[in-house]
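Asker: Handing you this structure, nothing more for now.
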Amino acid sequence: MAEVAPQTIDINDAIFCVHYKEVCSDCDVDLREENDAFYGFDPIDREGIECPASIVNKDGAYQCKKHGSTGCNQCYGWKKQITRARTAAKKAGRK
Ligand SMILES: [Zn+2]
Ligand SMILES: [Zn+2]
């Protein structure tokens, strides 16, 4: 079976599928490992993070709908969100 690279989007250094999800059954993608590696984490079985509603601005960059910012710390604070997901996964005994 030929491997087809899933279509992904890059938002503030993290990778998501076209539905703004890190783990998506529709696209059959799991981007947790990529994003974990980017932030220097060992991949573990944690909940996938999701990108809040975003729009593409005239420069072709993604910006959050809520604040209209391309580097929004609140909406695009991936490291914080990943850390939180990792902590929850560890607490739940997942590895
Ligand atoms: Zn998807
Ligand atoms: Zn925002």
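Note on naming: chains are A, B, ... as they come in the structure tokens, residues start from 1 per chain, ligands start from 1 in the order shown.
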Name the residues of chain A that come out as alpha helix (DSSP H) in a backbone DSSP run; write them as a list of chain:residue names.
Answerer: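 Residues of chain A classed as alpha helix (DSSP H): A:Arg32, A:Glu33, A:Glu34, A:Asn35, A:Asp36, A:Ala37, A:Phe38, A:Trp78, A:Lys79, A:Lys80, A:Gln81, A:Ile82, A:Thr83, A:Arg84, A:Ala85, A:Arg86, A:Thr87, A:Ala88, A:Ala89, A:Lys90, A:Lys91.
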Asker: So that I can see what lies close to Val29 in chain A, please list as a short mmCIF file (atom, residue, chain, number, x, y, z; two decimals) with all heavy atoms, in the first residue's frame the residues with an atom at most 9 Å from it, counting only C-alpha atoms and leaving out residues fewer than 6 positions away in the same chain.
Answerer:
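Wrote it out as selection-v1.cif, contents follow:
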```cif
data_model
loop_
_atom_site.label_atom_id
_atom_site.label_comp_id
_atom_site.auth_asym_id
_atom_site.auth_seq_id
_atom_site.Cartn_x
_atom_site.Cartn_y
_atom_site.Cartn_z
N PRO A 6 -0.38 12.69 4.69
CA PRO A 6 -1.62 13.43 4.94
C PRO A 6 -1.38 14.93 4.83
O PRO A 6 -0.27 15.41 5.06
CB PRO A 6 -1.98 13.03 6.38
CG PRO A 6 -0.70 12.60 6.99
CD PRO A 6 0.17 12.08 5.88
N PHE A 16 -0.95 20.34 12.55
CA PHE A 16 -2.30 19.84 12.69
C PHE A 16 -2.80 19.35 11.35
O PHE A 16 -2.25 19.69 10.31
CB PHE A 16 -3.24 20.95 13.20
CG PHE A 16 -2.88 21.45 14.56
CD1 PHE A 16 -2.02 22.54 14.70
CD2 PHE A 16 -3.38 20.85 15.69
CE1 PHE A 16 -1.67 23.00 15.95
CE2 PHE A 16 -3.03 21.31 16.95
CZ PHE A 16 -2.17 22.38 17.09
N CYS A 17 -3.87 18.55 11.39
CA CYS A 17 -4.49 18.17 10.12
C CYS A 17 -5.34 19.34 9.65
O CYS A 17 -5.46 20.35 10.34
CB CYS A 17 -5.33 16.89 10.30
SG CYS A 17 -6.96 17.19 11.00
N LYS A 21 -6.82 19.47 14.02
CA LYS A 21 -6.67 18.47 15.07
C LYS A 21 -5.29 17.84 15.00
O LYS A 21 -4.72 17.69 13.91
CB LYS A 21 -7.72 17.36 14.92
CG LYS A 21 -9.11 17.79 15.30
CD LYS A 21 -10.03 16.62 15.05
CE LYS A 21 -11.44 16.92 15.50
NZ LYS A 21 -12.33 15.80 15.17
N GLU A 22 -4.82 17.41 16.17
CA GLU A 22 -3.52 16.75 16.21
C GLU A 22 -3.71 15.26 15.93
O GLU A 22 -2.89 14.64 15.28
CB GLU A 22 -2.91 16.95 17.61
CG GLU A 22 -1.43 16.69 17.69
CD GLU A 22 -0.92 16.83 19.10
OE1 GLU A 22 -1.69 16.62 20.06
OE2 GLU A 22 0.27 17.17 19.25
N VAL A 23 -4.78 14.73 16.45
CA VAL A 23 -5.14 13.35 16.18
C VAL A 23 -6.50 13.37 15.52
O VAL A 23 -7.45 13.89 16.09
CB VAL A 23 -5.20 12.52 17.47
CG1 VAL A 23 -5.56 11.07 17.16
CG2 VAL A 23 -3.89 12.58 18.23
#
```
Asker: Report the closest atom pair, with its distance in Å rounded to one decimal, for each residue of chain A that has an atom no farther than 12 Å from ligand 1; count only C-alpha atoms and all ligand atoms, sort by chain and then rising residue number, and write it as a Markdown table.
Answerer:
```
| residue | atom | partner | partner_atom_place_in_ligand_line | distance |
| --- | --- | --- | --- | --- |
| A:Pro6 | CA | ligand 1 | 1 (Zn) | 8.9 |
| A:Gln7 | CA | ligand 1 | 1 (Zn) | 8.5 |
| A:Thr8 | CA | ligand 1 | 1 (Zn) | 8.4 |
| A:Ile9 | CA | ligand 1 | 1 (Zn) | 10.3 |
| A:Ile15 | CA | ligand 1 | 1 (Zn) | 11.4 |
| A:Phe16 | CA | ligand 1 | 1 (Zn) | 7.9 |
| A:Cys17 | CA | ligand 1 | 1 (Zn) | 4.7 |
| A:Val18 | CA | ligand 1 | 1 (Zn) | 5.3 |
| A:His19 | CA | ligand 1 | 1 (Zn) | 4.4 |
| A:Tyr20 | CA | ligand 1 | 1 (Zn) | 6.8 |
| A:Lys21 | CA | ligand 1 | 1 (Zn) | 6.0 |
| A:Glu22 | CA | ligand 1 | 1 (Zn) | 8.0 |
| A:Val23 | CA | ligand 1 | 1 (Zn) | 7.4 |
| A:Cys24 | CA | ligand 1 | 1 (Zn) | 4.6 |
| A:Ser25 | CA | ligand 1 | 1 (Zn) | 6.6 |
| A:Asp26 | CA | ligand 1 | 1 (Zn) | 5.1 |
| A:Cys27 | CA | ligand 1 | 1 (Zn) | 4.3 |
| A:Asp28 | CA | ligand 1 | 1 (Zn) | 7.2 |
| A:Val29 | CA | ligand 1 | 1 (Zn) | 7.1 |
| A:Asp30 | CA | ligand 1 | 1 (Zn) | 9.5 |
| A:Leu31 | CA | ligand 1 | 1 (Zn) | 10.6 |
| A:Gly48 | CA | ligand 1 | 1 (Zn) | 12.0 |
| A:Glu50 | CA | ligand 1 | 1 (Zn) | 10.5 |
| A:Cys51 | CA | ligand 1 | 1 (Zn) | 11.4 |
```
Asker: Using 6 Å as the limit and counting only C-alpha atoms and all ligand atoms, can you tabulate each residue of chain A that touches ligand 2, with its shortest atom-to-atom distance in Å and the two atoms involved, as CSV?
Answerer:
```
residue,atom,partner,partner_atom_place_in_ligand_line,distance
A:Cys64,CA,ligand 2,1 (Zn),4.8
A:Lys66,CA,ligand 2,1 (Zn),5.1
A:His67,CA,ligand 2,1 (Zn),4.2
A:Ser69,CA,ligand 2,1 (Zn),5.9
A:Cys72,CA,ligand 2,1 (Zn),4.6
A:Gln74,CA,ligand 2,1 (Zn),5.3
A:Cys75,CA,ligand 2,1 (Zn),4.3
```
Asker: Just to confirm, what's the straight-line distance from CA of Ala89 in chain A to CA of Asp45 in chain A in Å (one decimal)?
Answerer: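 If I compute the distance from CA of Ala89 in chain A to CA of Asp45 in chain A, I get 6.9 Å.
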Asker: Kindly give the distance, in Å, that separates CA of Tyr76 in chain A and CA of Gly40 in chain A, rounded to a single decimal.
Answerer: 17.3 Å
Asker: Residues near Asn57 in chain A, anyone? I mean within 12 Å using only C-alpha atoms, not counting same-chain ones fewer than 5 positions away, as JSON, numbers by chain.
Answerer: {"A": [62, 63, 64, 65, 68, 69, 70]}
Asker: Residues of chain A classed as strand (DSSP E or B) by DSSP on the backbone are to be reported as a list in words.
Answerer: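 Filtering chain A down to strand (DSSP E or B) leaves Thr8, Ile9, Asp10, Ile11, Ala14, Ile15, Phe16, Cys17, Lys21, Val23, Cys24, Val29, Asp30, Glu50, Ser54, Ile55, Val56, Tyr62, Gln63 and Cys64 of chain A.
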